[in-house]
>>> print(open('entry31.cif').read())   # mmCIF, C-alpha atoms
data_coords
loop_
_atom_site.label_atom_id
_atom_site.label_comp_id
_atom_site.auth_asym_id
_atom_site.auth_seq_id
_atom_site.Cartn_x
_atom_site.Cartn_y
_atom_site.Cartn_z
CA MET W 204 -93.22 19.71 -99.11
CA VAL W 205 -96.06 20.72 -96.80
CA GLU W 206 -99.14 18.56 -97.37
CA ALA W 207 -102.22 20.76 -97.36
CA ILE W 208 -104.44 17.67 -97.55
CA ARG W 209 -103.85 15.04 -94.89
CA VAL W 210 -103.43 11.36 -95.77
CA PRO W 211 -106.92 9.85 -95.53
CA ASP W 212 -107.71 7.06 -93.08
CA ILE W 213 -108.73 4.25 -95.44
CA VAL W 214 -110.40 0.98 -94.49
CA PRO W 215 -108.91 -1.94 -96.51
CA LEU W 216 -111.22 -3.80 -98.84
CA GLU W 217 -110.85 -6.98 -96.79
CA HIS W 218 -112.65 -5.14 -93.96
CA ILE W 219 -115.38 -3.78 -96.26
CA LEU W 220 -116.29 -6.82 -98.33
CA PRO W 221 -118.33 -9.59 -96.67
CA ASP W 222 -116.42 -12.58 -95.30
CA GLU W 223 -118.49 -14.82 -97.56
CA PRO W 224 -119.16 -13.52 -101.08
CA LEU W 225 -122.79 -12.79 -101.83
CA LEU W 226 -124.57 -14.88 -104.43
CA MET W 227 -125.57 -12.24 -106.98
CA MET W 228 -129.12 -13.11 -108.01
CA GLY W 229 -130.46 -9.67 -108.85
CA ALA W 230 -130.89 -7.83 -112.13
CA GLY W 231 -127.12 -7.70 -112.65
CA PRO W 232 -124.23 -8.02 -112.33
CA VAL W 233 -124.30 -11.81 -112.16
CA PRO W 234 -121.81 -14.43 -110.92
CA ILE W 235 -118.90 -14.98 -113.28
CA PRO W 236 -117.30 -18.34 -114.14
CA PRO W 237 -113.74 -19.05 -112.94
CA ALA W 238 -112.34 -18.73 -116.48
CA VAL W 239 -113.77 -15.22 -116.78
CA ALA W 240 -112.44 -14.21 -113.37
CA ALA W 241 -108.98 -15.57 -114.22
CA ALA W 242 -108.89 -13.71 -117.55
CA ASN W 243 -109.89 -10.49 -115.80
CA SER W 244 -106.73 -10.70 -113.66
CA ILE W 245 -104.41 -10.50 -116.71
CA VAL W 246 -102.97 -7.34 -118.26
CA ILE W 247 -101.40 -7.36 -121.71
CA ASN W 248 -100.45 -4.71 -124.27
CA HIS W 249 -103.59 -3.24 -125.83
CA LEU W 250 -101.88 -3.28 -129.24
CA GLY W 251 -99.86 -5.97 -130.99
CA ASP W 252 -100.20 -9.53 -132.23
CA THR W 253 -101.57 -11.04 -129.03
CA MET W 254 -104.32 -8.49 -128.69
CA ASN W 255 -105.08 -8.69 -132.41
CA GLN W 256 -105.69 -12.42 -132.08
CA VAL W 257 -107.95 -11.90 -129.05
CA ILE W 258 -109.93 -9.18 -130.83
CA ALA W 259 -110.37 -11.32 -133.94
CA GLN W 260 -111.87 -14.11 -131.85
CA VAL W 261 -114.09 -11.75 -129.83
CA LYS W 262 -115.56 -10.47 -133.10
CA GLU W 263 -116.02 -13.97 -134.50
CA MET W 264 -117.74 -15.19 -131.35
CA GLY W 265 -119.75 -11.97 -131.19
CA ARG W 266 -121.09 -12.60 -134.68
CA TYR W 267 -122.31 -16.00 -133.51
CA VAL W 268 -123.99 -14.62 -130.38
CA PHE W 269 -125.60 -11.72 -132.29
CA GLN W 270 -126.41 -14.06 -135.21
CA THR W 271 -125.00 -11.63 -137.75
CA SER W 272 -122.49 -11.76 -140.58
CA SER W 273 -121.74 -8.05 -140.17
CA SER W 274 -118.09 -7.00 -140.01
CA HIS W 275 -119.02 -4.21 -137.57
CA VAL W 276 -118.97 -5.99 -134.21
CA MET W 277 -117.08 -4.01 -131.59
CA GLY W 278 -116.62 -3.58 -127.89
CA VAL W 279 -117.01 -0.47 -125.77
CA GLY W 280 -114.96 0.49 -122.73
CA GLY W 281 -117.99 1.33 -120.62
CA PRO W 282 -121.34 0.06 -119.34
CA GLY W 283 -124.19 -1.16 -121.51
CA SER W 284 -125.49 2.39 -121.49
CA ALA W 285 -122.27 3.51 -123.22
CA ALA W 286 -122.87 0.95 -125.96
CA MET W 287 -126.46 2.21 -126.18
CA GLU W 288 -125.22 5.77 -126.52
CA MET W 289 -122.64 4.73 -129.13
CA ALA W 290 -125.35 3.15 -131.27
CA ILE W 291 -127.63 6.17 -131.02
CA ALA W 292 -124.89 8.80 -131.42
CA ASN W 293 -123.74 7.20 -134.66
CA LEU W 294 -127.08 6.26 -136.20
CA VAL W 295 -129.24 9.24 -135.20
CA HIS W 296 -128.25 12.50 -136.85
CA PRO W 297 -129.47 15.97 -135.77
CA GLY W 298 -133.06 16.45 -136.90
CA ASP W 299 -133.77 12.73 -137.41
CA LYS W 300 -137.23 11.72 -136.26
CA VAL W 301 -137.07 8.60 -134.08
CA LEU W 302 -139.95 6.47 -132.80
CA CYS W 303 -138.99 5.37 -129.27
CA ILE W 304 -141.04 2.42 -128.03
CA CYS W 305 -141.14 2.82 -124.25
CA ASN W 306 -142.09 -0.05 -121.93
CA GLY W 307 -140.21 1.27 -118.90
CA TYR W 308 -137.14 2.96 -117.46
CA PHE W 309 -134.42 1.80 -119.84
CA SER W 310 -136.39 2.26 -123.04
CA LYS W 311 -137.06 5.83 -121.91
CA ARG W 312 -133.31 6.26 -121.44
CA MET W 313 -132.87 5.54 -125.15
CA ALA W 314 -135.35 8.32 -125.94
CA GLU W 315 -133.36 10.71 -123.76
CA MET W 316 -130.17 9.81 -125.61
CA VAL W 317 -131.91 10.55 -128.92
CA SER W 318 -132.71 14.03 -127.61
CA ARG W 319 -129.15 14.59 -126.44
CA VAL W 320 -127.73 13.97 -129.92
CA ARG W 321 -130.30 16.45 -131.28
CA GLY W 322 -132.62 13.87 -132.72
CA GLU W 323 -136.39 14.29 -132.43
CA PRO W 324 -137.90 11.45 -130.38
CA THR W 325 -141.57 10.51 -130.43
CA LEU W 326 -142.38 8.34 -127.42
CA LEU W 327 -144.79 5.46 -127.92
CA HIS W 328 -145.75 4.49 -124.36
CA ILE W 329 -146.72 0.86 -123.75
CA ASP W 330 -148.62 0.82 -120.48
CA ASN W 331 -149.95 -1.82 -118.06
CA ASN W 332 -146.75 -3.90 -118.14
CA GLU W 333 -147.46 -5.13 -121.65
CA SER W 334 -145.38 -5.95 -124.72
CA ALA W 335 -145.41 -3.69 -127.76
CA SER W 336 -147.82 -5.10 -130.35
CA VAL W 337 -147.08 -5.13 -134.07
CA GLU W 338 -150.39 -3.40 -134.75
CA LEU W 339 -149.71 -0.53 -132.34
CA VAL W 340 -146.25 0.11 -133.78
CA GLN W 341 -147.65 -0.16 -137.32
CA ARG W 342 -150.15 2.62 -136.59
CA ALA W 343 -147.38 4.83 -135.21
CA LEU W 344 -145.08 4.19 -138.17
CA ALA W 345 -147.87 4.88 -140.63
CA LYS W 346 -147.67 8.54 -139.68
CA GLY W 347 -144.36 8.48 -141.56
CA GLY W 348 -141.11 10.35 -141.52
CA TYR W 349 -139.19 8.27 -138.99
CA ALA W 350 -135.50 7.61 -139.62
CA ALA W 351 -135.18 5.02 -136.85
CA ILE W 352 -136.95 3.21 -134.04
CA THR W 353 -135.56 2.26 -130.63
CA LEU W 354 -136.84 -0.50 -128.36
CA VAL W 355 -135.73 -2.98 -125.74
CA GLN W 356 -136.00 -6.72 -126.08
CA GLY W 357 -136.34 -7.08 -122.32
CA GLU W 358 -137.22 -4.16 -120.04
CA THR W 359 -135.19 -4.97 -116.93
CA SER W 360 -136.96 -2.33 -114.83
CA ASN W 361 -140.40 -3.95 -114.83
CA THR W 362 -139.65 -7.38 -116.39
CA VAL W 363 -141.65 -6.90 -119.59
CA CYS W 364 -140.46 -8.58 -122.81
CA ASN W 365 -141.18 -7.36 -126.33
CA HIS W 366 -141.86 -10.81 -127.72
CA SER W 367 -142.77 -9.45 -131.16
CA LEU W 368 -139.36 -7.83 -131.63
CA GLY W 369 -138.59 -9.71 -134.84
CA SER W 370 -141.88 -8.79 -136.51
CA ILE W 371 -141.63 -5.17 -135.36
CA ALA W 372 -138.06 -4.85 -136.64
CA ARG W 373 -138.86 -6.27 -140.07
CA MET W 374 -141.93 -4.05 -140.35
CA ALA W 375 -139.93 -0.96 -139.35
CA HIS W 376 -137.32 -1.79 -141.98
CA GLY W 377 -140.10 -1.89 -144.52
CA HIS W 378 -140.88 1.70 -143.54
CA GLY W 379 -137.25 2.71 -144.14
CA CYS W 380 -136.34 2.89 -140.44
CA LEU W 381 -133.11 1.81 -138.83
CA VAL W 382 -133.79 -0.48 -135.85
CA ILE W 383 -131.80 0.00 -132.62
CA VAL W 384 -132.32 -2.70 -129.97
CA ASP W 385 -131.27 -2.84 -126.33
CA ALA W 386 -130.49 -6.49 -125.55
CA VAL W 387 -128.52 -5.79 -122.37
CA CYS W 388 -130.34 -8.38 -120.25
CA THR W 389 -131.43 -10.75 -123.02
CA LEU W 390 -128.52 -11.49 -125.35
CA SER W 391 -127.60 -15.20 -125.04
CA THR W 392 -130.58 -15.87 -122.73
CA MET W 393 -133.19 -15.96 -125.53
CA ALA W 394 -133.35 -15.83 -129.31
CA LEU W 395 -132.23 -12.67 -131.09
CA ASP W 396 -131.51 -13.13 -134.80
CA MET W 397 -129.99 -9.83 -135.84
CA ASP W 398 -129.71 -10.47 -139.57
CA ALA W 399 -132.93 -12.46 -140.00
CA TRP W 400 -134.91 -9.87 -138.04
CA GLN W 401 -133.28 -6.95 -139.92
CA VAL W 402 -132.01 -5.25 -136.76
CA ASP W 403 -129.44 -2.51 -137.41
CA ALA W 404 -127.81 -2.16 -134.00
CA VAL W 405 -127.84 -4.54 -131.05
CA ILE W 406 -126.46 -3.44 -127.69
CA THR W 407 -125.49 -5.58 -124.72
CA GLY W 408 -123.51 -5.31 -121.50
CA GLY W 409 -120.99 -7.81 -120.27
CA GLN W 410 -122.43 -8.28 -116.80
CA LYS W 411 -125.76 -9.98 -117.49
CA GLY W 412 -126.53 -12.78 -119.95
CA LEU W 413 -122.90 -13.16 -121.00
CA SER W 414 -121.72 -13.60 -117.37
CA SER W 415 -118.73 -11.33 -117.83
CA ILE W 416 -117.66 -8.27 -115.85
CA PRO W 417 -119.38 -4.88 -115.77
CA GLY W 418 -117.74 -2.05 -117.68
CA VAL W 419 -116.93 -3.74 -121.01
CA SER W 420 -119.82 -3.94 -123.44
CA LEU W 421 -120.48 -5.26 -126.92
CA LEU W 422 -122.51 -4.04 -129.87
CA ALA W 423 -123.01 -4.77 -133.53
CA PHE W 424 -124.00 -2.50 -136.42
CA SER W 425 -125.54 -3.94 -139.56
CA GLU W 426 -123.73 -3.41 -142.86
CA HIS W 427 -126.79 -1.46 -144.02
CA ALA W 428 -126.68 0.95 -141.07
CA TRP W 429 -122.92 1.41 -141.33
CA ALA W 430 -123.11 2.32 -145.00
CA LYS W 431 -126.15 4.55 -144.60
CA LYS W 432 -125.25 6.54 -141.49
CA ILE W 433 -121.59 6.05 -140.54
CA ALA W 434 -119.38 5.51 -143.59
CA THR W 435 -120.94 8.37 -145.57
CA ARG W 436 -121.70 10.89 -142.84
CA SER W 437 -120.87 14.54 -143.41
CA HIS W 438 -120.47 15.58 -139.77
CA GLN W 439 -118.70 14.30 -136.67
CA PRO W 440 -120.80 12.82 -133.87
CA PHE W 441 -120.93 14.60 -130.54
CA HIS W 442 -118.88 11.90 -128.76
CA TRP W 443 -115.19 11.28 -129.40
CA CYS W 444 -114.84 8.06 -127.40
CA LEU W 445 -118.08 6.73 -128.87
CA ASP W 446 -117.30 7.62 -132.49
CA ALA W 447 -117.82 4.33 -134.34
CA GLN W 448 -115.39 5.28 -137.10
CA LEU W 449 -112.63 5.89 -134.56
CA ALA W 450 -113.52 2.68 -132.71
CA ASP W 451 -113.31 0.85 -136.03
CA GLN W 452 -109.60 1.74 -136.17
CA PHE W 453 -108.98 -0.51 -133.15
CA TRP W 454 -111.57 -3.21 -133.75
CA ASN W 455 -111.06 -3.69 -137.48
CA GLN W 456 -107.84 -1.94 -138.54
CA LYS W 457 -105.41 -3.06 -135.80
CA SER W 458 -104.75 0.56 -134.94
CA TYR W 459 -105.11 2.93 -132.00
CA HIS W 460 -108.27 4.55 -130.67
CA TYR W 461 -107.73 4.71 -126.91
CA THR W 462 -106.10 2.35 -124.42
CA ALA W 463 -108.51 -0.56 -124.48
CA PRO W 464 -109.67 -2.19 -121.21
CA VAL W 465 -107.55 -5.24 -121.94
CA SER W 466 -108.43 -7.25 -118.82
CA GLY W 467 -112.12 -6.72 -119.48
CA ILE W 468 -111.75 -7.73 -123.12
CA LEU W 469 -109.98 -10.91 -122.05
CA ALA W 470 -112.83 -11.59 -119.62
CA LEU W 471 -115.35 -10.96 -122.40
CA HIS W 472 -113.42 -13.34 -124.66
CA GLU W 473 -113.75 -16.15 -122.12
CA ALA W 474 -117.41 -15.39 -121.48
CA LEU W 475 -118.14 -15.57 -125.21
CA ARG W 476 -116.06 -18.74 -125.52
CA LEU W 477 -118.21 -20.42 -122.88
CA VAL W 478 -121.40 -19.32 -124.68
CA CYS W 479 -120.09 -20.84 -127.91
CA ALA W 480 -119.08 -24.05 -126.14
CA GLU W 481 -122.57 -24.42 -124.70
CA THR W 482 -124.20 -23.34 -128.02
CA LEU W 483 -127.12 -20.94 -128.22
CA PRO W 484 -129.93 -23.54 -128.48
CA ARG W 485 -128.79 -25.30 -125.29
CA ARG W 486 -128.22 -21.99 -123.53
CA PHE W 487 -131.68 -20.70 -124.46
CA ALA W 488 -133.25 -23.95 -123.22
CA ARG W 489 -131.35 -23.77 -119.92
CA HIS W 490 -132.45 -20.21 -119.29
CA GLN W 491 -136.08 -20.90 -120.12
CA GLN W 492 -136.25 -24.05 -118.03
CA CYS W 493 -134.57 -22.48 -115.00
CA SER W 494 -136.61 -19.29 -115.17
CA GLU W 495 -139.93 -21.08 -115.57
CA ALA W 496 -139.07 -23.43 -112.71
CA LEU W 497 -138.23 -20.49 -110.45
CA GLN W 498 -141.42 -18.69 -111.48
CA ALA W 499 -143.45 -21.81 -110.64
CA GLY W 500 -141.74 -22.06 -107.26
CA ILE W 501 -142.46 -18.41 -106.46
CA GLU W 502 -146.12 -18.78 -107.36
CA ALA W 503 -146.35 -21.96 -105.27
CA LEU W 504 -145.14 -19.91 -102.30
CA GLY W 505 -148.38 -17.98 -102.70
CA LEU W 506 -146.88 -14.83 -104.25
CA ASP W 507 -147.83 -13.04 -107.47
CA LEU W 508 -145.62 -12.21 -110.44
CA LEU W 509 -145.97 -8.67 -111.77
CA VAL W 510 -146.29 -9.38 -115.48
CA PRO W 511 -148.75 -11.79 -117.17
CA LYS W 512 -147.05 -14.71 -118.85
CA GLN W 513 -147.70 -13.53 -122.42
CA HIS W 514 -145.78 -10.28 -121.72
CA ARG W 515 -143.25 -11.65 -119.21
CA LEU W 516 -139.48 -11.50 -119.44
CA ASN W 517 -137.75 -14.70 -118.33
CA SER W 518 -134.33 -13.07 -117.86
CA VAL W 519 -135.48 -11.03 -114.84
CA ILE W 520 -138.47 -12.07 -112.73
CA GLY W 521 -140.61 -9.39 -111.07
CA ILE W 522 -142.41 -10.46 -107.85
CA VAL W 523 -145.13 -8.34 -106.27
CA THR W 524 -144.27 -7.55 -102.66
CA PRO W 525 -147.28 -7.93 -100.32
CA ALA W 526 -148.55 -4.53 -99.17
CA HIS W 527 -147.57 -5.04 -95.52
CA VAL W 528 -144.04 -6.27 -96.32
CA SER W 529 -141.00 -4.04 -96.84
CA SER W 530 -138.94 -4.96 -99.90
CA ASP W 531 -135.90 -3.37 -98.29
CA VAL W 532 -136.30 -5.52 -95.17
CA VAL W 533 -136.57 -8.67 -97.28
CA ARG W 534 -133.48 -7.82 -99.32
CA ALA W 535 -131.46 -6.90 -96.23
CA HIS W 536 -132.42 -10.17 -94.51
CA MET W 537 -131.47 -12.21 -97.58
CA SER W 538 -128.11 -10.50 -97.79
CA ARG W 539 -127.27 -10.61 -94.09
CA VAL W 540 -128.57 -14.06 -93.18
CA HIS W 541 -128.43 -16.06 -96.41
CA LYS W 542 -125.68 -14.20 -98.35
CA VAL W 543 -127.94 -13.91 -101.39
CA GLU W 544 -128.58 -10.58 -103.08
CA ILE W 545 -131.59 -9.69 -105.23
CA SER W 546 -132.82 -6.37 -106.61
CA GLY W 547 -135.47 -3.84 -105.77
CA ALA W 548 -137.09 -1.79 -108.51
CA PHE W 549 -137.50 1.69 -109.94
CA GLY W 550 -140.47 2.96 -107.93
CA LEU W 551 -142.45 -0.28 -108.24
CA ASN W 552 -143.46 -2.40 -105.25
CA ILE W 553 -141.64 -5.44 -106.57
CA LEU W 554 -138.53 -7.50 -106.00
CA ARG W 555 -136.53 -8.77 -108.96
CA ILE W 556 -134.60 -12.02 -109.30
CA GLY W 557 -132.28 -12.48 -112.26
CA GLN W 558 -132.08 -15.50 -114.52
CA MET W 559 -129.11 -14.62 -116.69
CA GLY W 560 -125.97 -16.61 -117.39
CA GLU W 561 -124.58 -18.31 -114.30
CA GLN W 562 -127.67 -17.42 -112.29
CA SER W 563 -129.58 -20.07 -114.24
CA ARG W 564 -128.13 -23.08 -112.43
CA ALA W 565 -130.24 -25.47 -110.33
CA HIS W 566 -128.11 -25.08 -107.19
CA ASN W 567 -128.49 -21.29 -107.36
CA LEU W 568 -132.26 -21.61 -107.74
CA PHE W 569 -132.69 -23.77 -104.64
CA ARG W 570 -130.50 -21.50 -102.52
CA THR W 571 -132.21 -18.36 -103.79
CA LEU W 572 -135.81 -19.53 -103.44
CA HIS W 573 -135.21 -20.78 -99.90
CA ALA W 574 -133.48 -17.55 -98.93
CA PHE W 575 -136.24 -15.51 -100.55
CA GLY W 576 -139.11 -17.39 -98.96
CA SER W 577 -137.48 -17.44 -95.53
CA SER W 578 -136.73 -13.71 -95.72
CA MET W 579 -140.27 -12.95 -96.85
CA GLN W 580 -141.54 -14.77 -93.76
CA ALA W 581 -139.10 -12.87 -91.58
CA GLY W 582 -140.50 -9.66 -93.11
CA GLY W 583 -144.08 -10.57 -92.19
CA ALA W 584 -145.34 -12.41 -95.28
CA SER W 585 -147.55 -15.47 -94.94
CA LEU W 586 -146.51 -18.09 -97.48
CA ASP W 587 -145.91 -21.81 -97.97
CA LEU W 588 -142.16 -22.28 -98.24
CA PRO W 589 -142.22 -26.12 -98.44
CA ALA W 590 -144.72 -25.95 -101.31
CA GLY W 591 -142.53 -23.49 -103.20
CA MET W 592 -139.41 -25.59 -102.81
CA ALA W 593 -141.28 -28.75 -103.82
CA GLU W 594 -142.67 -27.09 -106.95
CA LEU W 595 -139.21 -25.85 -107.92
CA GLU W 596 -137.86 -29.39 -107.59
CA ARG W 597 -140.77 -30.87 -109.57
CA SER W 598 -140.34 -28.35 -112.37
CA LEU W 599 -136.60 -28.85 -112.63
CA SER W 600 -137.04 -32.64 -112.55
CA ARG W 601 -139.53 -32.51 -115.42
CA HIS W 602 -137.06 -30.51 -117.49
CA ALA W 603 -134.23 -32.88 -116.59
CA VAL W 604 -136.27 -35.85 -117.81
CA ALA W 605 -137.18 -34.04 -121.03
CA GLN W 606 -133.67 -32.80 -121.75
CA PRO W 607 -132.25 -35.91 -123.51
CA ALA W 608 -135.14 -35.94 -125.99
CA GLN W 609 -134.62 -32.23 -126.73
CA GLN W 610 -130.93 -32.74 -127.37
CA GLY W 611 -131.51 -35.73 -129.58
#
>>> encode(input="entry31.cif", output="structure tokens")
Amino acid sequence: MVEAIRVPDIVPLEHILPDEPLLMMGAGPVPIPPAVAAANSIVINHLGDTMNQVIAQVKEMGRYVFQTSSSHVMGVGGPGSAAMEMAIANLVHPGDKVLCICNGYFSKRMAEMVSRVRGEPTLLHIDNNESASVELVQRALAKGGYAAITLVQGETSNTVCNHSLGSIARMAHGHGCLVIVDAVCTLSTMALDMDAWQVDAVITGGQKGLSSIPGVSLLAFSEHAWAKKIATRSHQPFHWCLDAQLADQFWNQKSYHYTAPVSGILALHEALRLVCAETLPRRFARHQQCSEALQAGIEALGLDLLVPKQHRLNSVIGIVTPAHVSSDVVRAHMSRVHKVEISGAFGLNILRIGQMGEQSRAHNLFRTLHAFGSSMQAGGASLDLPAGMAELERSLSRHAVAQPAQQG
């Protein structure tokens, strides 16, 4: 055989990856625990008794994390955006009017997905880095005719949190709307009570709050939404892989849909197991305490946070970059010198530090804040690094003292 295409000259991964792994402290993916990494190295048959047992436990643990009794918890072989698209493709039918509450980049992505499945989105823009208010959504819903609403719990792009999610969801249900929620960066980092809040679909990715790997996601449909839009539908959705009825064959009927990402599902199993072992109340408290301590340390450096506290997301912290400092220079210095990686933003002059899953550990906070402050100084910023580190320590110490009383 004559090879028309020559064998490429490939550089091995060991020569591409850094000698010392970077501490991933950006907006995701996040560091994964050893048990998750070990599970991700295993391959088993995607069908059969072993996988059936794994799937049964993933669903059971998923119900705990989503706080739902629904039987329609399932995974998706794909990113959080695939889970988002699965929810929308199955719950929004052609011609359905959908109110899309838009705080930023990812909530607008949901509106685009509504358009692509031939729904009719109406965008409700929430400006000035603010949360959606119940009153504003009420006025929009009063115009009537909406089949569903979409919104994010935490807008990763600009670090805004919709703190009134529960009230908005219950109100929308009262208007006959299905409620589709993006919880990609928030699930297991803060409260989300799917059943109590009357949410019909909750979407998350593996690589953020759950501290699992990218590429295997999780979502839950309410029994109400399944019966109303999926079980009784008269047409096929546009997506074959994301058809919830076909996915149900694997996740609930021990049958075949497509070859499942078994290693990723095993990793997700271990990530969920660790969430359950910690319990949600303790996990929420850890995330809040670590995030607020890091925020206090950043402000003590002399830097500003983008979002006012009443609208702020704790899962991802947005820091305003001083006008004369290059965010890219700061990030490159952190990565090269300190082996810590944080995130830039989508057109905003901010840097973002994640507080999801394994990121929310005291030793990671000290390393990250020192690397951040030092790199800011190297980039030309004038700040008080000792004051920031001292405030971080004071804040964490206060939480450590208070912790026994909270647990009791």
>>> resolve_selection(input="entry31.cif", expression="the PyMOL selection byres ((chain W and resi 434) around 12)", output="ChimeraX atom specification")
/W:275,293-294,424-433,435-439,446-449,451
>>> closest_residue(input="entry31.cif", among="W:Gln492, W:Thr407, W:Asn361, W:Gln558", to="W:Met289", atoms="only C-alpha atoms")
W:Thr407
>>> resolve_selection(input="entry31.cif", expression="the PyMOL selection byres ((chain W and resi 369-380) around 9)", output="MDAnalysis selection string")
chainID W and resid 301 335:338 340:341 344:345 347:352 366:368 381:383 395:397 399:403
>>> residues_near_point(input="entry31.cif", point="(-133.8, -28.4, -103.9)", cutoff="8 Å", atoms="all atoms listed in the file", output="MDAnalysis selection string")
chainID W and resid 565:566 568:570 592:593 595:596
>>> resolve_selection(input="entry31.cif", expression="the PyMOL selection byres ((chain W and resi 260-270) around 9)", output="VMD selection string")
chain W and resid 255 to 259 271 to 278 390 to 391 395 to 399 405 421 to 423 454 468 to 469 471 to 473 475 to 476 478 to 479 483
>>> residues_around(input="entry31.cif", residues="W:Pro224", least_positions_apart="4", cutoff="9 Å", atoms="only C-alpha atoms", output="ChimeraX atom specification")
/W:220,542-543
